[in-house]
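Chemist: Have a look at this one.
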Amino acid sequence: MRFSLLGPLTVHDGTSARTLDGPKARVLLGVLLLNPNQPVSTDCLQEALWGEHPPATASASLKNHIARLRRALTEDSDDEPRIRAVRGGYTLRVGPGELDTDDFTSALATARTAYHRKDWPTVNRETKRAAALWRSTPMPELADLTAAQPHVERYTQARWQALEWRIDAELALGRHQGLAPELTGLIAEQPLREAFHRQLMLVLHRTGQQAEALAVFGRLRRTLIDELGVEPGASVLAAHQEILRPTTTPTPTSPPHAPGDEPDRDGAGDAAPDASGPAPIGGVSKSPAPPAGPVPAPAGSGVLPSRGDLAEVAESLARNVHSRWLREEEQRRIHDPFPLPVRWRSAPAGLLDHWDNISGAAPGATAGALSLDGGLAQITDVYRRVGSGRLVVLGRAGSGKTVLMMRFVLDYLETRGGGEPVPVVFSIGSWDPTVTALRDWLVDRLLRDHPNLAAPASSRSTQAAALVDAGWILPVLEGFDEIATGLQAAALRELNSVSLPLLLTSRTEQFADAAATGVLGKAAGIELTDLTTDDLIHYLPRTARPTAPGKRTGRAATVWCPVLDELRNRPDHQAGANLAAVLSTPLMVLLARTLYSDTPGQDPADLLDTTRFPTPQALEEHLLAGFVPTVYRQRPPAGLSTAASRPHRVWDPHHARHYLGHLAAHLDRPEQRHRQDLAWWHLSGALSLPSRILAIVLASTAATTLSLLVSATMGLVMPSRWTTFGLTILPAGLTVGPVVGLAFGLVHAVAVTFDKEAFEPSRVRLQLPGRGRRMGDVPARRLNTAWGAGLLVGLIVGLAYGPTQLVLGMSRKSRLANAPLVEAVLAHSLLYAVIFGMAGGLALGLMATLETPLDVGSAATPMDLLAINRSTVIRQALLVAPVITVAIAIFCRVLGATDLFQGWFGPSPSLWTWLGLGTDCGLIGTLCYVLSFTAWGQWVLFTRIWLPLTGRLPWSPMAFLDDAYHRGVLRQAGAVYQFRHARLQSHLSPTPYEPKHG
């Protein structure tokens, strides 16, 4: 007997299909079939038949319906009835292969696996097998049963997914003819499903109908913008670019994205249902009910159900992450001429957990070891085979862990289902697990690299925190070996305290030392293997320009031919053995290529000179030492982020080596927490605290003189304008400036001492209330912090300003002119401390009130984040300066009119006098605040001025960093730069950091 649920409920008795008589019999059978071989309670069955208010005779009537259904399903060969009474309910026995939904989900599971392998004939065959089982909307008899709708929706969405996969397979196989009418009909049924639009665009384009293809894109874009306010996803945009790309004949290619990479905007999921079939909807057993929407993929894939707005945030993050690492891969020239082989074997068993734990075997069951051997193209498939979703990638320095990590992120995103988490790379070397929990550290790094995720989520937390908490983030933790040695065991314990899936990279030796006290729970592992001589023979000649045509093989000769002949023919000779040992890692092959393939006139045969290079270590140091001078002797690379009209800066190799050495030494300082990240807002940390205070004092003096000059200029157009401090501008600036600067410097020192992260880049912008924003949206903690900071700075500056006023003679006509000196100083200090404190607190409190997170979609690169913060700080200054000006004028005018303070400011000062004082204080205070307490201000003062003055950095440090990135010395990791490899950083640093303890 066979039961069909994918359409009207039917029963096949081996000869014909029939529909049961009576609607209640069909409903009863449907509910039992949704829970095959599982007890279903009598209460659930009664509710399915009669609703929430069954009749008094429901119990007896149910027994009659069960009896009739049992007779209808009885076969001559049955030894026992199909339906059995159990305690509290009934069970329907269903054998293997008797449900069409089992065949349906089995076909889709096979198709899913084939899709990831790009086995298009199998995808085509299995999706057609699934489609043949589909007759119409599943189980219309249960349309009024709420508990059945998740099952119906699941199978419906799986059917759409099967259609997507089948058409992608047809496209990959070059079968475009006849697909356009079918896709047009599918789009009419699913107008927001982007995959069908992408496929129709490609079909039309590849059949010579470019205009029609572009029209499909235009209609989809207008629909998404009008109805959802979003742009098409990355896969649709890629298809659009293919259409616009000038070609003579469109070439069929594999689908650009795997299923679900661009989930539909209506929230429908894309994952195929679990082959295990539907879960109970109301039985006696405690089996969980099936989730609405897509069903989780096999264990280890990390699929999550769609979660509305948060799912859209995850999709936006996925697109940003994909575009970033795609640019990074292109920048590294990994595909020029082709990727170097990266192969691995299973990691040593002593470093890993039991396979029973990794596979999630039931108690008492045994899971055999899984073969994880593979190459670069299989990394995502290998990860998905790990039941726990936890994989450790081990290898020695330069073995290709970073290349493998990039390929994993890109491949995972390109084969990612709509509900799967987003792989995000985190350089874990800066993590201190004894201070910060992993969850909090991940959120902080997300906010740094993706400032748009600071927007509030529905739970009042940030979107970054909501993504981490909801399981939308798959952490790719790079550089476990960069964690301080004494903290690595603590890091493993913290990783074991959470169950989230992850991919972790580390040097083998450091991970083995940490694993001596405990393994990473439920984590499988692979260990990268060395390159072979054959790999070098295939790769290096194709990186160099031909020198002569090939004689026998047809391959052109290059400068590498004599060297490779030596490696092949004399592998035991010292020169060949040394060089083969060095060129066994992708890093050293890259350095050798840069020095000898990319640089004309260089002969790699020098590498065989055992007099100059008697050991492999000497060869490695030679390649590392020659890398920076070589890349800086070359012409500036194309694609720099500077404006097109600005000429490219050219740095002398010697100076470039000096600047890079300073940057490496900055990262290798013992007190440096971020040993990998060249963050522009941390570069000021290269200066000692006394040097920073001195810089703030000098800058404050210059800012004070400039501010007084501006206010004096205003006096030319203001009637009755006061004379600044009764002195000329220069003496006033030189007197007040150091006092104010010292006050700001001391507060800066306190902030640095008690909060190492006090000057992070701002993740907000200023926005007036309205347009969907309310005043109450600002967190009370942020408001209190801003108000308190302004009050504290104002109090300290006011305390310092009072005595200065007396020295300058500003108060010689005040009521306190004849008072004892100590009394006068204290009185003026307290008075101005109160006035300046209230004005500073009001200004920064108002600024915090108007803050709102950066626009969603703004992803940070180092230069973008710097530009955003420059704009934010300028806007803050334009707000703070007028507020301080008006506040001080009002406070002085009001206090001066009271009996207590009357005469303290002199004989009846005019309104213009108070506005003049407020203007001076507003300009001076704002400039000093910007330079002392904002990330951009400190960048300008310390990194753009002070460090270049002392010769440690060039005068255009960001242009230098961007140029080093494009020359391949640095890489971008979100909002920060990093040295391309830890070995290069260690070589450039005058005193490489040697971690001894936590």
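Chain identifiers are assigned as A, B, and so on, following the order in which chains appear in the structure tokens; residues are numbered from 1 within each chain, and ligands are numbered from 1 in order of appearance.
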DSSP on the backbone: what in region 319-397 of chain A comes out helix (DSSP H, G or I), as a PyMOL selection string?
Modeler: chain A and resi 319-331+349-351+355-359+376-385
Chemist: For region 679-690 of chain A, work out the shell of residues within 7 Å, counting only C-alpha atoms and skipping chain neighbours fewer than 3 positions away, then give it as a ChimeraX atom specification.
Modeler: /A:666,693-694,749,760,935,939,942-943,976-977
Chemist: Please compute the CA of Glu153 (chain A)-CA of His53 (chain A) distance, one decimal, in Å.
Modeler: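 Pair CA of Glu153 (chain A) / CA of His53 (chain A) returns 26.5 Å.
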Chemist: Contacts of Asp603 (chain A) at 7 Å or less, counting only C-alpha atoms, minus same-chain residues fewer than 3 places along, as an MDAnalysis selection string?
Modeler: chainID A and resid 559 596 606
Chemist: Deliver the residues from the most recent selection as a file, using N, CA, C and O atoms, as a PDB file, in the first residue's frame.
Modeler:
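Resulting contents of out.pdb:
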ATOM      1  N   VAL A 559      62.940  31.622 -16.993  1.00  0.00           N
ATOM      2  CA  VAL A 559      64.108  31.678 -16.108  1.00  0.00           C
ATOM      3  C   VAL A 559      64.062  30.595 -15.045  1.00  0.00           C
ATOM      4  O   VAL A 559      65.085  30.293 -14.405  1.00  0.00           O
ATOM      5  N   TYR A 596      61.471  37.080  -8.597  1.00  0.00           N
ATOM      6  CA  TYR A 596      62.127  36.591  -9.802  1.00  0.00           C
ATOM      7  C   TYR A 596      61.208  36.516 -11.018  1.00  0.00           C
ATOM      8  O   TYR A 596      61.700  36.692 -12.141  1.00  0.00           O
ATOM      9  N   ASP A 606      70.170  32.091  -8.682  1.00  0.00           N
ATOM     10  CA  ASP A 606      70.903  32.537  -7.493  1.00  0.00           C
ATOM     11  C   ASP A 606      70.470  31.764  -6.252  1.00  0.00           C
ATOM     12  O   ASP A 606      71.244  31.633  -5.296  1.00  0.00           O
TER      13      ASP A 606
END
Chemist: Mind giving me the straight-line distance from CA of Ala489 (chain A) to CA of Ala437 (chain A) in Å, one decimal?
Modeler: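 So the two atoms, CA of Ala489 (chain A) and CA of Ala437 (chain A), lie 14.2 Å apart.
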Chemist: Contacts of region 500-505 of chain A at 8 Å or less, counting only C-alpha atoms, minus same-chain residues fewer than 2 places along, as a PyMOL selection string?
Modeler: chain A and resi 300+302+388-394+401+405+471+474-480+498+507
Chemist: Please save N, CA and C atoms of the selected residues as a PDB file, in the first residue's frame.
Modeler:
ATOM      1  N   GLY A 300      25.181  19.811  10.949  1.00  0.00           N
ATOM      2  CA  GLY A 300      26.464  20.428  10.638  1.00  0.00           C
ATOM      3  C   GLY A 300      26.358  21.570   9.692  1.00  0.00           C
ATOM      4  N   GLY A 302      24.176  24.022   9.896  1.00  0.00           N
ATOM      5  CA  GLY A 302      23.848  25.231  10.614  1.00  0.00           C
ATOM      6  C   GLY A 302      22.659  25.967  10.093  1.00  0.00           C
ATOM      7  N   SER A 388      29.260  18.169  13.633  1.00  0.00           N
ATOM      8  CA  SER A 388      29.162  19.219  14.645  1.00  0.00           C
ATOM      9  C   SER A 388      29.270  20.618  14.065  1.00  0.00           C
ATOM     10  N   GLY A 389      29.726  20.712  12.804  1.00  0.00           N
ATOM     11  CA  GLY A 389      29.937  22.038  12.233  1.00  0.00           C
ATOM     12  C   GLY A 389      31.156  22.742  12.790  1.00  0.00           C
ATOM     13  N   ARG A 390      32.090  21.977  13.395  1.00  0.00           N
ATOM     14  CA  ARG A 390      33.317  22.560  13.963  1.00  0.00           C
ATOM     15  C   ARG A 390      34.527  21.928  13.280  1.00  0.00           C
ATOM     16  N   LEU A 391      35.374  22.763  12.693  1.00  0.00           N
ATOM     17  CA  LEU A 391      36.528  22.258  11.952  1.00  0.00           C
ATOM     18  C   LEU A 391      37.746  23.103  12.288  1.00  0.00           C
ATOM     19  N   VAL A 392      38.863  22.440  12.578  1.00  0.00           N
ATOM     20  CA  VAL A 392      40.143  23.097  12.852  1.00  0.00           C
ATOM     21  C   VAL A 392      41.060  22.868  11.659  1.00  0.00           C
ATOM     22  N   VAL A 393      41.661  23.944  11.164  1.00  0.00           N
ATOM     23  CA  VAL A 393      42.613  23.878  10.048  1.00  0.00           C
ATOM     24  C   VAL A 393      44.000  24.167  10.609  1.00  0.00           C
ATOM     25  N   LEU A 394      44.876  23.183  10.542  1.00  0.00           N
ATOM     26  CA  LEU A 394      46.225  23.293  11.083  1.00  0.00           C
ATOM     27  C   LEU A 394      47.237  23.331   9.945  1.00  0.00           C
ATOM     28  N   LYS A 401      46.964  28.532   5.042  1.00  0.00           N
ATOM     29  CA  LYS A 401      45.753  28.569   5.868  1.00  0.00           C
ATOM     30  C   LYS A 401      44.864  29.754   5.498  1.00  0.00           C
ATOM     31  N   MET A 405      41.146  29.673   4.072  1.00  0.00           N
ATOM     32  CA  MET A 405      40.085  30.386   4.776  1.00  0.00           C
ATOM     33  C   MET A 405      39.276  31.260   3.821  1.00  0.00           C
ATOM     34  N   GLY A 471      22.285  32.959  16.131  1.00  0.00           N
ATOM     35  CA  GLY A 471      22.995  31.931  15.380  1.00  0.00           C
ATOM     36  C   GLY A 471      23.175  32.237  13.911  1.00  0.00           C
ATOM     37  N   LEU A 474      28.550  32.461  11.520  1.00  0.00           N
ATOM     38  CA  LEU A 474      29.466  31.321  11.559  1.00  0.00           C
ATOM     39  C   LEU A 474      30.877  31.880  11.717  1.00  0.00           C
ATOM     40  N   PRO A 475      31.433  31.878  12.929  1.00  0.00           N
ATOM     41  CA  PRO A 475      32.758  32.493  13.128  1.00  0.00           C
ATOM     42  C   PRO A 475      33.858  31.700  12.424  1.00  0.00           C
ATOM     43  N   VAL A 476      34.642  32.403  11.636  1.00  0.00           N
ATOM     44  CA  VAL A 476      35.857  31.839  11.034  1.00  0.00           C
ATOM     45  C   VAL A 476      37.006  32.489  11.784  1.00  0.00           C
ATOM     46  N   LEU A 477      37.551  31.777  12.761  1.00  0.00           N
ATOM     47  CA  LEU A 477      38.518  32.319  13.709  1.00  0.00           C
ATOM     48  C   LEU A 477      39.925  32.071  13.174  1.00  0.00           C
ATOM     49  N   GLU A 478      40.555  33.132  12.731  1.00  0.00           N
ATOM     50  CA  GLU A 478      41.859  33.017  12.081  1.00  0.00           C
ATOM     51  C   GLU A 478      42.971  33.358  13.057  1.00  0.00           C
ATOM     52  N   GLY A 479      43.989  32.512  13.094  1.00  0.00           N
ATOM     53  CA  GLY A 479      45.198  32.828  13.844  1.00  0.00           C
ATOM     54  C   GLY A 479      45.121  32.512  15.326  1.00  0.00           C
ATOM     55  N   PHE A 480      44.655  31.311  15.680  1.00  0.00           N
ATOM     56  CA  PHE A 480      44.645  30.918  17.087  1.00  0.00           C
ATOM     57  C   PHE A 480      46.047  30.986  17.674  1.00  0.00           C
ATOM     58  N   VAL A 498      30.801  27.240  24.611  1.00  0.00           N
ATOM     59  CA  VAL A 498      29.726  27.567  23.679  1.00  0.00           C
ATOM     60  C   VAL A 498      29.620  26.443  22.659  1.00  0.00           C
ATOM     61  N   ARG A 507      48.601  27.460  13.636  1.00  0.00           N
ATOM     62  CA  ARG A 507      49.808  26.673  13.402  1.00  0.00           C
ATOM     63  C   ARG A 507      49.716  25.404  14.242  1.00  0.00           C
TER      64      ARG A 507
END
Chemist: Please identify all polymer residues within 12 Å of His335 (chain A), counting only C-alpha atoms, omitting same-chain residues fewer than 4 positions from it, and present them as a list in words.
Modeler: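 Those residues are Leu326, Glu328, Glu329, Glu330, Gln331, Pro339, Leu340, Pro341, Val403, Arg407, Tyr539, Arg542 and Thr543 of chain A.
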Chemist: Include N, CA and C atoms and write out the residues we just selected as an mmCIF file, in the first residue's frame.
Modeler:
data_model
loop_
_atom_site.group_PDB
_atom_site.id
_atom_site.type_symbol
_atom_site.label_atom_id
_atom_site.label_comp_id
_atom_site.auth_asym_id
_atom_site.auth_seq_id
_atom_site.Cartn_x
_atom_site.Cartn_y
_atom_site.Cartn_z
ATOM 1 N N LEU A 326 36.121 38.595 -1.975
ATOM 2 C CA LEU A 326 36.360 38.452 -3.405
ATOM 3 C C LEU A 326 37.391 39.476 -3.860
ATOM 4 N N GLU A 328 39.654 40.798 -1.916
ATOM 5 C CA GLU A 328 40.922 40.402 -1.308
ATOM 6 C C GLU A 328 41.573 39.275 -2.111
ATOM 7 N N GLU A 329 40.773 38.320 -2.577
ATOM 8 C CA GLU A 329 41.318 37.227 -3.378
ATOM 9 C C GLU A 329 41.885 37.751 -4.689
ATOM 10 N N GLU A 330 41.179 38.689 -5.313
ATOM 11 C CA GLU A 330 41.691 39.288 -6.546
ATOM 12 C C GLU A 330 42.967 40.069 -6.271
ATOM 13 N N GLN A 331 42.996 40.795 -5.152
ATOM 14 C CA GLN A 331 44.171 41.582 -4.812
ATOM 15 C C GLN A 331 45.399 40.691 -4.622
ATOM 16 N N PRO A 339 45.243 28.990 -8.946
ATOM 17 C CA PRO A 339 45.566 28.858 -7.519
ATOM 18 C C PRO A 339 46.608 27.769 -7.277
ATOM 19 N N LEU A 340 47.542 28.079 -6.406
ATOM 20 C CA LEU A 340 48.483 27.044 -5.982
ATOM 21 C C LEU A 340 47.721 25.931 -5.265
ATOM 22 N N PRO A 341 48.128 24.692 -5.462
ATOM 23 C CA PRO A 341 47.419 23.598 -4.770
ATOM 24 C C PRO A 341 47.542 23.744 -3.257
ATOM 25 N N VAL A 403 44.710 31.377 2.560
ATOM 26 C CA VAL A 403 44.106 31.127 1.248
ATOM 27 C C VAL A 403 42.934 30.158 1.388
ATOM 28 N N ARG A 407 38.939 30.889 0.552
ATOM 29 C CA ARG A 407 38.176 30.043 -0.363
ATOM 30 C C ARG A 407 36.972 29.432 0.343
ATOM 31 N N TYR A 539 53.586 25.355 -11.735
ATOM 32 C CA TYR A 539 53.155 26.725 -11.395
ATOM 33 C C TYR A 539 54.171 27.796 -11.785
ATOM 34 N N ARG A 542 54.716 29.327 -15.400
ATOM 35 C CA ARG A 542 53.598 30.099 -15.943
ATOM 36 C C ARG A 542 53.465 31.476 -15.311
ATOM 37 N N THR A 543 54.278 31.767 -14.283
ATOM 38 C CA THR A 543 54.267 33.102 -13.687
ATOM 39 C C THR A 543 55.320 34.016 -14.313
#
Chemist: Skipping near chain neighbours, those fewer than 6 positions away, what residues fall within 10 Å of Arg343 (chain A) using only C-alpha atoms, listed as a short mmCIF file (atom, residue, chain, number, x, y, z; two decimals) with all heavy atoms, in the first residue's frame?
Modeler:
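Done, and the output landed in around-v9.cif:
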data_model
loop_
_atom_site.label_atom_id
_atom_site.label_comp_id
_atom_site.auth_asym_id
_atom_site.auth_seq_id
_atom_site.Cartn_x
_atom_site.Cartn_y
_atom_site.Cartn_z
N ASP A 373 40.29 14.08 3.87
CA ASP A 373 41.32 14.46 2.90
C ASP A 373 40.69 15.21 1.74
O ASP A 373 39.55 14.93 1.34
CB ASP A 373 42.05 13.22 2.39
CG ASP A 373 42.81 12.49 3.50
OD1 ASP A 373 42.81 13.00 4.63
OD2 ASP A 373 43.37 11.42 3.22
N GLY A 374 41.44 16.15 1.18
CA GLY A 374 40.89 16.89 0.05
C GLY A 374 41.83 17.98 -0.42
O GLY A 374 42.99 18.07 0.00
N GLY A 375 41.30 18.84 -1.30
CA GLY A 375 42.05 19.96 -1.85
C GLY A 375 41.24 21.23 -1.75
O GLY A 375 40.10 21.25 -1.24
N LEU A 376 41.79 22.31 -2.28
CA LEU A 376 41.24 23.65 -2.08
C LEU A 376 39.77 23.74 -2.48
O LEU A 376 38.96 24.36 -1.79
CB LEU A 376 42.06 24.66 -2.88
CG LEU A 376 41.75 26.13 -2.66
CD1 LEU A 376 41.99 26.52 -1.22
CD2 LEU A 376 42.59 27.00 -3.59
N ALA A 377 39.41 23.11 -3.58
CA ALA A 377 38.03 23.23 -4.07
C ALA A 377 37.03 22.46 -3.23
O ALA A 377 35.82 22.68 -3.35
CB ALA A 377 37.95 22.76 -5.53
N GLN A 378 37.51 21.57 -2.35
CA GLN A 378 36.59 20.74 -1.57
C GLN A 378 36.40 21.21 -0.13
O GLN A 378 35.73 20.54 0.66
CB GLN A 378 37.08 19.28 -1.53
CG GLN A 378 36.99 18.54 -2.84
CD GLN A 378 38.17 18.80 -3.75
OE1 GLN A 378 39.30 18.81 -3.29
NE2 GLN A 378 37.92 19.03 -5.03
N ILE A 379 36.95 22.36 0.25
CA ILE A 379 36.94 22.73 1.66
C ILE A 379 35.52 22.90 2.20
O ILE A 379 35.22 22.48 3.31
CB ILE A 379 37.77 24.02 1.90
CG1 ILE A 379 37.74 24.40 3.38
CG2 ILE A 379 37.30 25.15 1.02
CD1 ILE A 379 38.25 23.34 4.32
N SER A 399 51.71 27.90 5.13
CA SER A 399 51.26 26.69 4.44
C SER A 399 49.98 26.88 3.64
O SER A 399 49.55 25.96 2.95
CB SER A 399 51.06 25.56 5.46
OG SER A 399 50.11 25.94 6.45
N GLY A 400 49.34 28.04 3.73
CA GLY A 400 48.15 28.31 2.93
C GLY A 400 46.87 28.37 3.72
O GLY A 400 45.78 28.28 3.14
N LEU A 404 43.13 29.12 2.18
CA LEU A 404 42.06 28.15 2.41
C LEU A 404 40.87 28.81 3.11
O LEU A 404 39.71 28.56 2.76
CB LEU A 404 42.58 26.99 3.25
CG LEU A 404 41.62 25.82 3.44
CD1 LEU A 404 41.44 25.07 2.13
CD2 LEU A 404 42.14 24.88 4.51
N ILE A 526 41.86 19.17 10.11
CA ILE A 526 42.68 18.83 8.95
C ILE A 526 44.02 19.53 9.10
O ILE A 526 44.13 20.56 9.76
CB ILE A 526 42.00 19.24 7.63
CG1 ILE A 526 41.72 20.75 7.61
CG2 ILE A 526 40.71 18.47 7.41
CD1 ILE A 526 41.13 21.26 6.30
N GLU A 527 45.03 18.94 8.50
CA GLU A 527 46.38 19.50 8.55
C GLU A 527 46.89 19.67 7.12
O GLU A 527 46.88 18.71 6.34
CB GLU A 527 47.31 18.61 9.35
CG GLU A 527 48.70 19.20 9.52
CD GLU A 527 49.59 18.32 10.41
OE1 GLU A 527 49.33 17.09 10.46
OE2 GLU A 527 50.53 18.85 11.01
N LEU A 528 47.31 20.89 6.79
CA LEU A 528 47.76 21.18 5.43
C LEU A 528 49.10 20.49 5.16
O LEU A 528 49.96 20.42 6.03
CB LEU A 528 47.89 22.68 5.23
CG LEU A 528 46.64 23.52 5.51
CD1 LEU A 528 46.84 24.95 5.04
CD2 LEU A 528 45.41 22.93 4.85
N THR A 529 49.25 20.01 3.94
CA THR A 529 50.47 19.32 3.53
C THR A 529 51.32 20.24 2.66
O THR A 529 50.85 21.26 2.16
CB THR A 529 50.14 18.03 2.76
OG1 THR A 529 49.33 18.35 1.62
CG2 THR A 529 49.36 17.07 3.65
N ASP A 530 52.57 19.86 2.48
CA ASP A 530 53.51 20.68 1.72
C ASP A 530 53.26 20.58 0.22
O ASP A 530 52.70 19.59 -0.28
CB ASP A 530 54.95 20.25 2.01
CG ASP A 530 55.37 20.60 3.43
OD1 ASP A 530 54.70 21.44 4.07
OD2 ASP A 530 56.38 20.03 3.90
N LEU A 531 53.71 21.62 -0.49
CA LEU A 531 53.72 21.57 -1.94
C LEU A 531 54.79 20.58 -2.41
O LEU A 531 55.80 20.37 -1.74
CB LEU A 531 54.03 22.95 -2.52
CG LEU A 531 53.00 24.06 -2.23
CD1 LEU A 531 53.53 25.40 -2.72
CD2 LEU A 531 51.67 23.74 -2.87
#
